[in-house]
file target-v9.tsv (TSV, C-alpha atoms and all ligand atoms)
chain	number	residue	atom	x	y	z
A	1	MET	CA	-45.59	-84.57	-36.35
A	2	SER	CA	-45.74	-86.39	-33.00
A	3	SER	CA	-41.97	-86.80	-32.74
A	4	PRO	CA	-38.99	-84.65	-33.77
A	5	PRO	CA	-38.26	-84.63	-37.54
A	6	GLN	CA	-35.16	-86.29	-38.93
A	7	ILE	CA	-33.26	-83.04	-39.53
A	8	LEU	CA	-32.87	-82.72	-35.75
A	9	SER	CA	-31.51	-86.22	-35.13
A	10	SER	CA	-29.19	-86.02	-38.17
A	11	THR	CA	-27.79	-82.64	-37.19
A	12	LEU	CA	-27.93	-82.65	-33.39
A	13	GLY	CA	-28.15	-86.31	-32.37
A	14	VAL	CA	-30.71	-88.79	-31.13
A	15	ILE	CA	-32.76	-88.78	-27.96
A	16	PRO	CA	-31.82	-91.76	-25.73
A	17	ALA	CA	-34.28	-94.65	-26.12
A	18	ASP	CA	-35.38	-94.50	-22.47
A	19	VAL	CA	-36.27	-90.77	-22.59
A	20	GLU	CA	-39.68	-89.64	-23.78
A	21	GLN	CA	-39.50	-87.26	-26.76
A	22	GLY	CA	-39.22	-83.62	-25.77
A	23	THR	CA	-38.86	-84.18	-22.05
A	24	ALA	CA	-35.12	-83.57	-21.63
A	25	PRO	CA	-32.32	-81.69	-23.39
A	26	LEU	CA	-30.06	-83.77	-25.64
A	27	PRO	CA	-27.20	-85.18	-23.52
A	28	ASP	CA	-24.75	-85.47	-26.42
A	29	LEU	CA	-24.55	-81.78	-27.32
A	30	VAL	CA	-20.93	-81.24	-26.30
A	31	PRO	CA	-18.85	-78.50	-27.97
A	32	LEU	CA	-15.16	-78.93	-28.84
A	33	ASP	CA	-14.46	-76.18	-26.29
A	34	THR	CA	-16.09	-77.54	-23.14
A	35	THR	CA	-15.72	-74.25	-21.22
A	36	ARG	CA	-18.78	-72.97	-23.09
A	37	PRO	CA	-22.23	-74.40	-23.96
A	38	TYR	CA	-22.94	-76.12	-27.28
A	39	VAL	CA	-24.37	-73.48	-29.66
A	40	THR	CA	-27.08	-74.25	-32.22
A	41	LEU	CA	-27.82	-71.17	-34.33
A	42	THR	CA	-31.25	-71.31	-35.92
A	43	PHE	CA	-33.65	-68.95	-37.66
A	44	ALA	CA	-36.19	-68.73	-40.47
A	45	GLN	CA	-35.52	-66.74	-43.63
A	46	SER	CA	-37.18	-65.89	-46.93
A	47	ILE	CA	-35.66	-67.05	-50.21
A	48	ASP	CA	-34.03	-63.61	-50.47
A	49	ALA	CA	-32.42	-64.22	-47.03
A	50	LYS	CA	-34.49	-61.80	-44.95
A	51	ILE	CA	-35.53	-62.62	-41.40
A	52	ALA	CA	-37.95	-59.70	-40.86
A	53	GLY	CA	-39.87	-57.13	-42.87
A	54	ALA	CA	-39.33	-53.41	-43.39
A	55	GLY	CA	-38.48	-51.60	-40.17
A	56	GLY	CA	-37.98	-54.93	-38.38
A	57	LYS	CA	-41.63	-55.99	-38.72
A	58	GLN	CA	-41.92	-59.52	-37.33
A	59	LEU	CA	-42.79	-62.04	-40.04
A	60	ILE	CA	-44.13	-65.52	-39.50
A	61	LEU	CA	-42.00	-67.18	-42.15
A	62	SER	CA	-42.14	-70.77	-40.89
A	63	GLY	CA	-45.13	-72.86	-41.84
A	64	GLU	CA	-46.86	-75.13	-39.33
A	65	GLU	CA	-44.50	-78.10	-39.80
A	66	SER	CA	-41.21	-76.21	-39.61
A	67	MET	CA	-42.48	-74.14	-36.67
A	68	ARG	CA	-43.19	-77.40	-34.83
A	69	MET	CA	-39.67	-78.55	-35.73
A	70	THR	CA	-38.38	-75.35	-34.05
A	71	HIS	CA	-40.39	-76.13	-30.92
A	72	TRP	CA	-38.96	-79.70	-30.80
A	73	MET	CA	-35.52	-78.12	-31.12
A	74	ARG	CA	-36.31	-75.85	-28.17
A	75	THR	CA	-36.91	-78.93	-25.97
A	76	MET	CA	-33.43	-80.23	-26.85
A	77	HIS	CA	-31.44	-77.33	-25.38
A	78	ASP	CA	-30.89	-76.02	-21.86
A	79	GLY	CA	-31.30	-72.40	-22.93
A	80	ILE	CA	-32.71	-70.27	-25.76
A	81	LEU	CA	-30.81	-67.05	-26.45
A	82	ILE	CA	-32.01	-63.90	-28.21
A	83	GLY	CA	-30.84	-60.28	-28.42
A	84	ILE	CA	-32.76	-57.47	-26.75
A	85	GLY	CA	-33.67	-56.13	-30.22
A	86	THR	CA	-35.79	-59.25	-30.77
A	87	ALA	CA	-37.18	-59.23	-27.22
A	88	VAL	CA	-38.38	-55.62	-27.61
A	89	ASN	CA	-39.56	-55.96	-31.21
A	90	ASP	CA	-41.31	-59.36	-31.09
A	91	ASN	CA	-42.23	-59.76	-27.39
A	92	PRO	CA	-41.70	-63.52	-27.86
A	93	GLN	CA	-42.72	-66.43	-25.60
A	94	LEU	CA	-39.90	-68.87	-26.46
A	95	ASN	CA	-41.83	-71.86	-25.12
A	96	VAL	CA	-42.88	-75.15	-26.74
A	97	ARG	CA	-46.62	-74.54	-27.11
A	98	HIS	CA	-46.85	-75.93	-30.67
A	99	LEU	CA	-45.98	-79.48	-29.56
A	100	PRO	CA	-48.74	-82.10	-29.36
A	101	PHE	CA	-50.77	-82.11	-26.18
A	102	PRO	CA	-49.68	-85.08	-24.05
A	103	VAL	CA	-52.35	-87.58	-22.99
A	104	GLN	CA	-51.84	-87.74	-19.24
A	105	ASN	CA	-50.28	-84.48	-18.22
A	106	THR	CA	-50.49	-80.78	-18.69
A	107	HIS	CA	-48.54	-79.42	-21.59
A	108	PHE	CA	-46.17	-77.23	-19.60
A	109	GLN	CA	-45.21	-79.88	-17.05
A	110	HIS	CA	-44.74	-82.56	-19.67
A	111	TYR	CA	-42.09	-80.99	-21.91
A	112	HIS	CA	-38.67	-79.54	-21.18
A	113	HIS	CA	-38.80	-75.76	-21.72
A	114	PRO	CA	-35.48	-74.02	-22.38
A	115	ARG	CA	-34.46	-71.12	-20.15
A	116	PRO	CA	-34.83	-67.79	-22.05
A	117	LEU	CA	-31.52	-65.90	-22.10
A	118	ILE	CA	-31.60	-62.26	-23.24
A	119	LEU	CA	-28.46	-60.35	-24.22
A	120	ASP	CA	-29.40	-56.90	-22.96
A	121	PRO	CA	-26.40	-54.63	-22.21
A	122	HIS	CA	-28.57	-51.65	-21.16
A	123	LEU	CA	-31.38	-53.44	-19.29
A	124	ARG	CA	-34.04	-52.52	-21.83
A	125	LEU	CA	-36.21	-55.63	-21.24
A	126	SER	CA	-39.73	-54.65	-20.14
A	127	PRO	CA	-40.81	-56.10	-16.76
A	128	THR	CA	-44.24	-56.62	-18.36
A	129	CYS	CA	-43.05	-58.66	-21.37
A	130	LYS	CA	-44.66	-62.03	-22.20
A	131	LEU	CA	-41.59	-63.99	-21.03
A	132	ILE	CA	-41.94	-62.59	-17.52
A	133	TYR	CA	-45.75	-62.79	-17.51
A	134	ASN	CA	-45.69	-66.45	-18.57
A	135	ALA	CA	-43.12	-67.36	-15.91
A	136	ALA	CA	-45.16	-65.60	-13.21
A	137	LYS	CA	-48.25	-67.59	-14.30
A	138	GLY	CA	-46.29	-70.85	-14.09
A	139	VAL	CA	-46.39	-71.45	-17.85
A	140	GLY	CA	-42.85	-70.40	-18.68
A	141	VAL	CA	-39.33	-70.51	-17.32
A	142	ALA	CA	-38.12	-67.26	-15.75
A	143	PRO	CA	-35.68	-65.51	-18.09
A	144	TRP	CA	-32.10	-64.62	-17.36
A	145	VAL	CA	-30.90	-61.25	-18.60
A	146	ILE	CA	-27.21	-61.03	-19.42
A	147	SER	CA	-26.10	-57.44	-19.08
A	148	ALA	CA	-23.10	-55.23	-18.37
A	149	PRO	CA	-22.35	-53.36	-15.15
A	150	PRO	CA	-23.55	-49.73	-15.13
A	151	PRO	CA	-21.08	-47.13	-16.38
A	152	LYS	CA	-18.54	-46.31	-13.68
A	153	ILE	CA	-18.75	-42.82	-12.21
A	154	GLU	CA	-15.44	-41.63	-10.99
A	155	GLY	CA	-14.09	-38.49	-9.31
A	156	PHE	CA	-13.53	-35.53	-11.55
A	157	PHE	CA	-16.07	-36.45	-14.26
A	158	ALA	CA	-18.91	-37.29	-11.89
A	159	ASN	CA	-21.93	-35.02	-12.36
A	160	GLU	CA	-25.64	-34.99	-11.63
A	161	ASP	CA	-26.51	-36.51	-15.00
A	162	ASP	CA	-24.21	-39.50	-14.38
A	163	GLY	CA	-25.75	-39.96	-10.94
A	164	ASN	CA	-29.27	-39.97	-12.42
A	165	LYS	CA	-28.28	-42.52	-15.05
A	166	LEU	CA	-26.93	-44.82	-12.36
A	167	GLN	CA	-30.12	-44.48	-10.32
A	168	GLU	CA	-32.23	-45.24	-13.40
A	169	TRP	CA	-30.09	-48.31	-14.13
A	170	GLU	CA	-30.50	-49.52	-10.52
A	171	ALA	CA	-34.27	-48.98	-10.76
A	172	ARG	CA	-34.48	-51.00	-13.99
A	173	ARG	CA	-32.44	-53.82	-12.45
A	174	GLU	CA	-34.62	-53.86	-9.32
A	175	ALA	CA	-37.82	-53.90	-11.38
A	176	LEU	CA	-36.59	-56.87	-13.41
A	177	GLN	CA	-35.43	-58.77	-10.35
A	178	ALA	CA	-38.72	-58.07	-8.55
A	179	ALA	CA	-40.48	-59.56	-11.60
A	180	GLY	CA	-38.48	-62.79	-11.20
A	181	VAL	CA	-35.66	-62.17	-13.67
A	182	THR	CA	-32.10	-63.18	-12.85
A	183	VAL	CA	-29.71	-60.44	-13.96
A	184	ILE	CA	-26.19	-61.65	-14.73
A	185	LEU	CA	-23.50	-59.04	-15.28
A	186	VAL	CA	-20.63	-59.65	-17.65
A	187	GLU	CA	-17.77	-57.17	-17.79
A	188	PRO	CA	-17.70	-55.68	-21.32
A	189	GLU	CA	-14.48	-55.60	-23.28
A	190	THR	CA	-12.42	-52.44	-22.89
A	191	LEU	CA	-13.80	-49.90	-25.32
A	192	HIS	CA	-11.91	-47.34	-27.27
A	193	PRO	CA	-12.36	-44.15	-25.19
A	194	ASP	CA	-13.80	-42.27	-28.19
A	195	LEU	CA	-16.66	-44.73	-28.64
A	196	PRO	CA	-19.99	-44.05	-26.90
A	197	PRO	CA	-20.95	-46.84	-24.46
A	198	THR	CA	-24.09	-47.59	-26.52
A	199	THR	CA	-21.90	-49.29	-29.12
A	200	THR	CA	-20.99	-52.04	-26.64
A	201	ASN	CA	-21.67	-55.59	-27.63
A	202	LEU	CA	-21.40	-58.04	-24.77
A	203	PRO	CA	-18.29	-60.17	-25.32
A	204	LEU	CA	-19.70	-63.51	-26.45
A	205	PRO	CA	-16.84	-65.74	-25.20
A	206	ALA	CA	-17.27	-64.30	-21.69
A	207	VAL	CA	-21.08	-64.57	-21.92
A	208	LEU	CA	-20.84	-68.21	-22.96
A	209	ARG	CA	-18.29	-69.07	-20.26
A	210	THR	CA	-20.53	-67.45	-17.63
A	211	LEU	CA	-23.57	-69.41	-18.86
A	212	ARG	CA	-21.59	-72.68	-18.74
A	213	ASP	CA	-20.47	-71.85	-15.19
A	214	GLU	CA	-24.16	-71.35	-14.31
A	215	GLY	CA	-24.95	-74.86	-15.56
A	216	ILE	CA	-26.19	-74.14	-19.11
A	217	ARG	CA	-24.70	-76.91	-21.31
A	218	SER	CA	-26.44	-76.14	-24.60
A	219	ILE	CA	-28.13	-73.10	-26.13
A	220	MET	CA	-30.26	-72.50	-29.15
A	221	VAL	CA	-29.58	-69.02	-30.54
A	222	GLU	CA	-32.68	-67.69	-32.37
A	223	GLY	CA	-31.54	-64.22	-33.41
A	224	GLY	CA	-32.12	-61.48	-34.34
A	225	ALA	CA	-30.01	-60.03	-37.10
A	226	ARG	CA	-27.18	-58.57	-35.01
A	227	ILE	CA	-26.94	-61.62	-32.77
A	228	ILE	CA	-26.77	-63.93	-35.81
A	229	GLN	CA	-24.00	-61.73	-37.27
A	230	SER	CA	-22.04	-61.80	-34.02
A	231	PHE	CA	-22.23	-65.57	-33.45
A	232	LEU	CA	-21.30	-66.33	-37.05
A	233	SER	CA	-18.49	-63.80	-37.36
A	234	GLU	CA	-17.04	-64.83	-33.99
A	235	ARG	CA	-17.26	-68.45	-35.13
A	236	LEU	CA	-19.18	-69.55	-32.05
A	237	VAL	CA	-21.54	-71.92	-33.81
A	238	ASP	CA	-21.51	-75.73	-33.44
A	239	ALA	CA	-24.61	-76.37	-35.53
A	240	LEU	CA	-26.66	-74.23	-37.91
A	241	ILE	CA	-30.26	-75.12	-38.77
A	242	VAL	CA	-31.96	-72.73	-41.20
A	243	THR	CA	-35.57	-72.82	-42.36
A	244	THR	CA	-36.16	-71.22	-45.77
A	245	ALA	CA	-39.76	-70.27	-46.56
A	246	PRO	CA	-40.86	-69.90	-50.20
A	247	VAL	CA	-41.55	-66.16	-49.96
A	248	LEU	CA	-39.77	-62.99	-51.08
A	249	VAL	CA	-39.52	-60.07	-48.65
A	250	GLY	CA	-37.67	-57.48	-50.75
A	251	GLY	CA	-34.88	-55.01	-50.21
A	252	ASP	CA	-36.46	-53.23	-47.23
A	253	GLY	CA	-36.44	-56.42	-45.17
A	254	VAL	CA	-33.91	-57.23	-42.45
A	255	GLY	CA	-30.97	-59.40	-43.54
A	256	TYR	CA	-28.19	-60.84	-41.38
A	257	SER	CA	-25.20	-61.32	-43.62
A	258	GLU	CA	-23.57	-57.89	-43.57
A	259	GLY	CA	-20.21	-57.37	-41.95
A	260	PHE	CA	-19.03	-60.95	-41.80
A	261	GLN	CA	-15.29	-61.16	-41.45
A	262	GLN	CA	-14.51	-64.79	-40.77
A	263	LEU	CA	-17.06	-67.57	-40.81
A	264	PRO	CA	-17.08	-70.89	-38.98
A	265	GLY	CA	-16.17	-73.94	-41.07
A	266	LEU	CA	-19.51	-75.71	-41.31
A	267	LYS	CA	-20.18	-78.91	-43.20
A	268	TYR	CA	-23.47	-79.83	-44.80
A	269	ILE	CA	-25.39	-82.56	-42.95
A	270	HIS	CA	-29.01	-82.83	-44.07
A	271	THR	CA	-31.90	-81.18	-45.93
A	272	GLU	CA	-35.55	-81.87	-45.14
A	273	GLN	CA	-38.72	-80.57	-46.68
A	274	LEU	CA	-41.24	-79.70	-43.96
A	275	GLY	CA	-44.51	-78.65	-45.53
A	276	ARG	CA	-43.65	-75.87	-47.98
A	277	ASP	CA	-40.37	-74.98	-46.20
A	278	THR	CA	-36.85	-76.33	-46.71
A	279	VAL	CA	-34.77	-76.93	-43.59
A	280	VAL	CA	-30.99	-77.33	-43.89
A	281	GLY	CA	-28.66	-78.55	-41.14
A	282	LEU	CA	-24.88	-77.92	-40.98
A	283	LYS	CA	-22.35	-78.76	-38.29
A	284	LEU	CA	-18.97	-77.47	-37.26
A	285	MET	CA	-16.16	-79.33	-39.04
A	286	SER	CA	-14.23	-81.35	-36.47
B	301	LIG	N1	-36.92	-64.95	-38.72
B	301	LIG	C1	-36.34	-65.30	-37.59
B	301	LIG	O1	-36.07	-66.49	-37.35
B	301	LIG	C2	-36.03	-64.27	-36.56
B	301	LIG	C3	-36.22	-62.93	-36.83
B	301	LIG	N2	-35.90	-61.98	-35.88
B	301	LIG	C4	-36.05	-60.58	-36.22
B	301	LIG	O2	-34.81	-59.90	-35.98
B	301	LIG	C5	-35.09	-58.54	-35.68
B	301	LIG	C6	-34.27	-58.09	-34.47
B	301	LIG	O3	-32.89	-58.08	-34.81
B	301	LIG	P1	-31.93	-56.94	-34.23
B	301	LIG	O4	-32.64	-55.65	-34.22
B	301	LIG	O5	-30.64	-57.04	-34.96
B	301	LIG	O6	-31.80	-57.32	-32.69
B	301	LIG	P2	-31.10	-58.55	-31.94
B	301	LIG	O7	-32.18	-59.40	-31.40
B	301	LIG	O8	-30.05	-59.17	-32.77
B	301	LIG	O9	-30.47	-57.78	-30.68
B	301	LIG	C7	-29.35	-56.96	-30.88
B	301	LIG	C8	-29.01	-56.28	-29.59
B	301	LIG	O10	-28.47	-57.22	-28.65
B	301	LIG	C9	-27.54	-56.57	-27.83
B	301	LIG	N3	-26.25	-57.28	-27.88
B	301	LIG	C10	-25.49	-57.54	-26.77
B	301	LIG	N4	-24.38	-58.18	-27.08
B	301	LIG	C11	-24.40	-58.35	-28.41
B	301	LIG	C12	-23.48	-58.95	-29.31
B	301	LIG	N5	-22.34	-59.52	-28.90
B	301	LIG	N6	-23.78	-58.92	-30.63
B	301	LIG	C13	-24.93	-58.37	-31.07
B	301	LIG	N7	-25.85	-57.78	-30.26
B	301	LIG	C14	-25.58	-57.77	-28.93
B	301	LIG	C15	-27.40	-55.12	-28.33
B	301	LIG	O11	-28.29	-54.38	-27.50
B	301	LIG	P3	-28.19	-52.77	-27.29
B	301	LIG	O12	-28.74	-52.17	-28.54
B	301	LIG	O13	-29.04	-52.51	-26.09
B	301	LIG	O14	-26.73	-52.47	-27.09
B	301	LIG	C16	-27.93	-55.24	-29.75
B	301	LIG	O15	-28.46	-54.05	-30.27
B	301	LIG	C17	-36.58	-58.42	-35.44
B	301	LIG	O16	-37.14	-57.79	-36.56
B	301	LIG	C18	-37.03	-59.86	-35.34
B	301	LIG	O17	-38.37	-60.02	-35.79
B	301	LIG	C19	-35.41	-62.34	-34.65
B	301	LIG	C20	-35.19	-63.66	-34.35
B	301	LIG	C21	-35.45	-64.73	-35.29
B	302	LIG	N1	-38.63	-70.51	-36.44
B	302	LIG	C1	-39.10	-69.25	-36.59
B	302	LIG	N2	-39.88	-68.98	-37.64
B	302	LIG	C2	-40.35	-67.74	-37.83
B	302	LIG	O1	-41.13	-67.51	-38.88
B	302	LIG	C3	-40.04	-66.71	-36.92
B	302	LIG	N3	-40.54	-65.46	-37.11
B	302	LIG	C4	-39.23	-67.06	-35.81
B	302	LIG	N4	-38.92	-66.10	-34.92
B	302	LIG	C5	-38.30	-66.36	-33.67
B	302	LIG	O2	-39.20	-66.92	-32.73
B	302	LIG	C6	-39.55	-65.92	-31.78
B	302	LIG	C7	-41.01	-65.95	-31.47
B	302	LIG	O3	-41.20	-67.02	-30.60
B	302	LIG	P1	-42.65	-67.33	-29.99
B	302	LIG	O4	-43.51	-67.73	-31.17
B	302	LIG	O5	-43.17	-66.08	-29.37
B	302	LIG	O6	-42.43	-68.45	-29.04
B	302	LIG	C8	-39.14	-64.61	-32.37
B	302	LIG	O7	-38.89	-63.62	-31.41
B	302	LIG	C9	-37.86	-65.04	-33.06
B	302	LIG	O8	-36.84	-65.29	-32.15
B	302	LIG	N5	-38.77	-68.32	-35.67
call {"tool": "encode", "arguments": {"input": "target-v9.tsv", "output": "C-alpha cells"}}
result
Amino acid sequence: MSSPPQILSSTLGVIPADVEQGTAPLPDLVPLDTTRPYVTLTFAQSIDAKIAGAGGKQLILSGEESMRMTHWMRTMHDGILIGIGTAVNDNPQLNVRHLPFPVQNTHFQHYHHPRPLILDPHLRLSPTCKLIYNAAKGVGVAPWVISAPPPKIEGFFANEDDGNKLQEWEARREALQAAGVTVILVEPETLHPDLPPTTTNLPLPAVLRTLRDEGIRSIMVEGGARIIQSFLSERLVDALIVTTAPVLVGGDGVGYSEGFQQLPGLKYIHTEQLGRDTVVGLKLMS
C-alpha cells in the first residue's frame, strides 16, 4: 500500500493533488464547531468488541494492511491524542514508521508526524517513555501533556502531607519539562466536594478549545477505553474509523461501550476490507 487506502479519502477527504501523500495534514478537516479541532476517533477491536486483553494486556489486533492504514491516518492529523492509561500501559510511539520508505529522503523527515497529546491529569507520564526518547533522538515529535493544576492548598486545611504532594507534583512537572515535554494545564470542572480528586476527568470541551488555541486543527483520538467512552458520550466525534480484526478476546478483555449516555449521530460512509480486517468509516451527521 504505497498510498492511503480509500476508506480514508471517503471518510476524511482527499489530499490536494499538489501535495505528496503523507507529507501534510488534511486541510479540509474542519469541524462544525470551529472553536475546537476536528476529531477523528479510531481504534482496533476484536469481533467481540474488545480493544485489549485481560488486565489491559496490549493486543496487536490490526493486521499489516490495516496498521499501515492507521499510520497513513496519523499523517493526516495535526495531533494524536491518547489517555495516560494507554501511555503507561502500552508505552506507544505514535509515529508513522510503517509507511513505505521514501526514495530520496529519510523516513522521519519525509512524512508529517502528528504531535502526541496525552491526557494526564496527575502527571503520571514517565520521563523515560518511548515518546520522549524518540523526540530527544530526533525521530519523533515532542509530546504535549494536558494536565490539571495541582490541588490548591489553602489556610486551615494545609498540612505537611499536602505540602509534600505539591512538591512531588512540581518535581514531576519539572522532570517532564526538562525532558522536552510541554505541559498544558486545563482547569478541571468543579467537583462535588465529597469526590476524591482522583476521579477527575479533564473537561474535554476545555481541552479541545485549548488545543485549538495552540494551533492544533485536527486530532486523531486513539484511545484507550475510558477516552473512547468520554469522546463518544460527550458527542465530540466528527469521524469514527474502526478496524475489526477476525479474533475473539473473551469476557476478560477490555471493552469500551459501558456507561454511554448519549451518542453522537454518525452516518455510515464506507467499509473496506484490508487484509483480513474490516475497516468501517462513519461521519457526524450534518
Ligand atoms: N485496540 C486499540 O486500538 C487500543 C487499545 N488501547 C488499550 O486501552 C487500554 C487503556 O485504556 P484505559 O485504561 O481506559 O486508559 P485511557 O488511555 O483511556 O486513559 C484513561 C485516563 O486518562 C485520564 N483522563 C483525563 N481526562 C479524561 C477524560 N475526560 N475521560 C477519560 N479519561 C481521562 C484519566 O487519568 P487518571 O487515571 O490519571 O485520572 C484516565 O484514567 C490499554 O489496555 C490499551 O492497550 C488503547 C488505545 C487503542
Ligand atoms: N490501529 C491499532 N491497532 C492495534 O492492533 C492496536 N493495538 C492499536 N493500538 C494503538 O496504537 C498505539 C501503539 O502505537 P505504536 O505502535 O507504538 O506507534 C497503542 O498505544 C494504541 O493507542 N492501534
call {"tool": "closest_residue", "arguments": {"input": "target-v9.tsv", "among": "A:Ile60, A:Ala225, A:Met220, A:Val103", "to": "ligand LIG 302 (chain B)", "atoms": "only C-alpha atoms and all ligand atoms"}}
result
A:Ile60
call {"tool": "residues_around", "arguments": {"input": "target-v9.tsv", "residues": "Val14 of chain A", "least_positions_apart": "2", "cutoff": "12 Å", "atoms": "only C-alpha atoms", "output": "CSV table (one decimal) with C-alpha atoms, in the frame of the given file"}}
result
chain,number,residue,atom,x,y,z
A,3,SER,CA,-42.0,-86.8,-32.7
A,4,PRO,CA,-39.0,-84.6,-33.8
A,5,PRO,CA,-38.3,-84.6,-37.5
A,6,GLN,CA,-35.2,-86.3,-38.9
A,7,ILE,CA,-33.3,-83.0,-39.5
A,8,LEU,CA,-32.9,-82.7,-35.8
A,9,SER,CA,-31.5,-86.2,-35.1
A,10,SER,CA,-29.2,-86.0,-38.2
A,11,THR,CA,-27.8,-82.6,-37.2
A,12,LEU,CA,-27.9,-82.6,-33.4
A,16,PRO,CA,-31.8,-91.8,-25.7
A,17,ALA,CA,-34.3,-94.6,-26.1
A,18,ASP,CA,-35.4,-94.5,-22.5
A,19,VAL,CA,-36.3,-90.8,-22.6
A,20,GLU,CA,-39.7,-89.6,-23.8
A,21,GLN,CA,-39.5,-87.3,-26.8
A,22,GLY,CA,-39.2,-83.6,-25.8
A,24,ALA,CA,-35.1,-83.6,-21.6
A,25,PRO,CA,-32.3,-81.7,-23.4
A,26,LEU,CA,-30.1,-83.8,-25.6
A,27,PRO,CA,-27.2,-85.2,-23.5
A,28,ASP,CA,-24.8,-85.5,-26.4
A,29,LEU,CA,-24.6,-81.8,-27.3
A,73,MET,CA,-35.5,-78.1,-31.1
A,76,MET,CA,-33.4,-80.2,-26.8
call {"tool": "residues_near_ligand", "arguments": {"input": "target-v9.tsv", "ligand": "ligand LIG 301 (chain B)", "cutoff": "7 Å", "atoms": "all atoms listed in the file", "output": "PyMOL selection string"}}
result
chain A and resi 42-45+51-53+56-59+61+82-87+89-90+119-122+124+198-204+222-228+230+254
call {"tool": "closest_residue", "arguments": {"input": "target-v9.tsv", "among": "A:Asp48, A:Glu65, A:Asp33, A:Glu174", "to": "ligand LIG 302 (chain B)", "atoms": "all atoms listed in the file"}}
result
A:Glu65
call {"tool": "closest_residue", "arguments": {"input": "target-v9.tsv", "among": "A:Leu131, A:Val141, A:Val207, A:Ala54", "to": "Gly250 of chain A", "atoms": "only C-alpha atoms"}}
result
A:Ala54
call {"tool": "closest_residue", "arguments": {"input": "target-v9.tsv", "among": "A:Gly163, A:Pro205, A:Gly251, A:Pro264", "to": "Asp238 of chain A", "atoms": "all atoms listed in the file"}}
result
A:Pro264
call {"tool": "closest_residue", "arguments": {"input": "target-v9.tsv", "among": "A:Val279, A:Met67, A:Leu166, A:Val221", "to": "ligand LIG 302 (chain B)", "atoms": "only C-alpha atoms and all ligand atoms"}}
result
A:Met67
call {"tool": "atom_distance", "arguments": {"input": "target-v9.tsv", "atom1": "atom CA of Arg235 of chain A", "atom2": "atom O8 of ligand LIG 302 (chain B)"}}
result
20.1 Å
call {"tool": "closest_residue", "arguments": {"input": "target-v9.tsv", "among": "A:Glu168, A:Val237, A:Val242, A:Val96", "to": "Ser218 of chain A", "atoms": "only C-alpha atoms"}}
result
A:Val237
call {"tool": "atom_distance", "arguments": {"input": "target-v9.tsv", "atom1": "atom CA of Ser2 of chain A", "atom2": "atom CA of Gly275 of chain A"}}
result
14.8 Å
call {"tool": "decode", "arguments": {"input": "target-v9.tsv", "residues": "segment 205-216 of chain A", "atoms": "N, CA, C and O atoms", "output": "tab-separated table (two decimals), in the first residue's frame"}}
result
chain	number	residue	atom	x	y	z
A	205	PRO	N	-14.36	19.61	26.45
A	205	PRO	CA	-14.55	20.84	25.67
A	205	PRO	C	-13.44	21.86	25.94
A	205	PRO	O	-12.93	22.48	25.00
A	206	ALA	N	-13.04	21.99	27.21
A	206	ALA	CA	-11.97	22.95	27.53
A	206	ALA	C	-10.63	22.49	26.97
A	206	ALA	O	-9.83	23.28	26.45
A	207	VAL	N	-10.38	21.16	27.04
A	207	VAL	CA	-9.13	20.61	26.47
A	207	VAL	C	-9.07	20.92	24.98
A	207	VAL	O	-8.06	21.40	24.45
A	208	LEU	N	-10.18	20.65	24.29
A	208	LEU	CA	-10.19	20.84	22.83
A	208	LEU	C	-10.05	22.31	22.45
A	208	LEU	O	-9.32	22.65	21.51
A	209	ARG	N	-10.72	23.18	23.20
A	209	ARG	CA	-10.59	24.63	22.93
A	209	ARG	C	-9.14	25.07	23.11
A	209	ARG	O	-8.59	25.80	22.29
A	210	THR	N	-8.50	24.57	24.18
A	210	THR	CA	-7.11	24.95	24.45
A	210	THR	C	-6.21	24.47	23.31
A	210	THR	O	-5.33	25.19	22.85
A	211	LEU	N	-6.43	23.23	22.86
A	211	LEU	CA	-5.60	22.70	21.76
A	211	LEU	C	-5.77	23.53	20.49
A	211	LEU	O	-4.81	23.85	19.80
A	212	ARG	N	-7.04	23.92	20.21
A	212	ARG	CA	-7.28	24.75	19.01
A	212	ARG	C	-6.57	26.09	19.15
A	212	ARG	O	-5.96	26.58	18.19
A	213	ASP	N	-6.63	26.68	20.36
A	213	ASP	CA	-5.93	27.95	20.59
A	213	ASP	C	-4.43	27.81	20.39
A	213	ASP	O	-3.74	28.77	20.04
A	214	GLU	N	-3.91	26.60	20.65
A	214	GLU	CA	-2.46	26.35	20.48
A	214	GLU	C	-2.12	25.96	19.04
A	214	GLU	O	-1.00	25.54	18.75
A	215	GLY	N	-3.11	26.01	18.14
A	215	GLY	CA	-2.83	25.78	16.73
A	215	GLY	C	-3.11	24.38	16.22
A	215	GLY	O	-2.81	24.06	15.07
A	216	ILE	N	-3.66	23.50	17.07
A	216	ILE	CA	-3.99	22.13	16.63
A	216	ILE	C	-5.37	22.15	15.96
A	216	ILE	O	-6.38	22.38	16.62
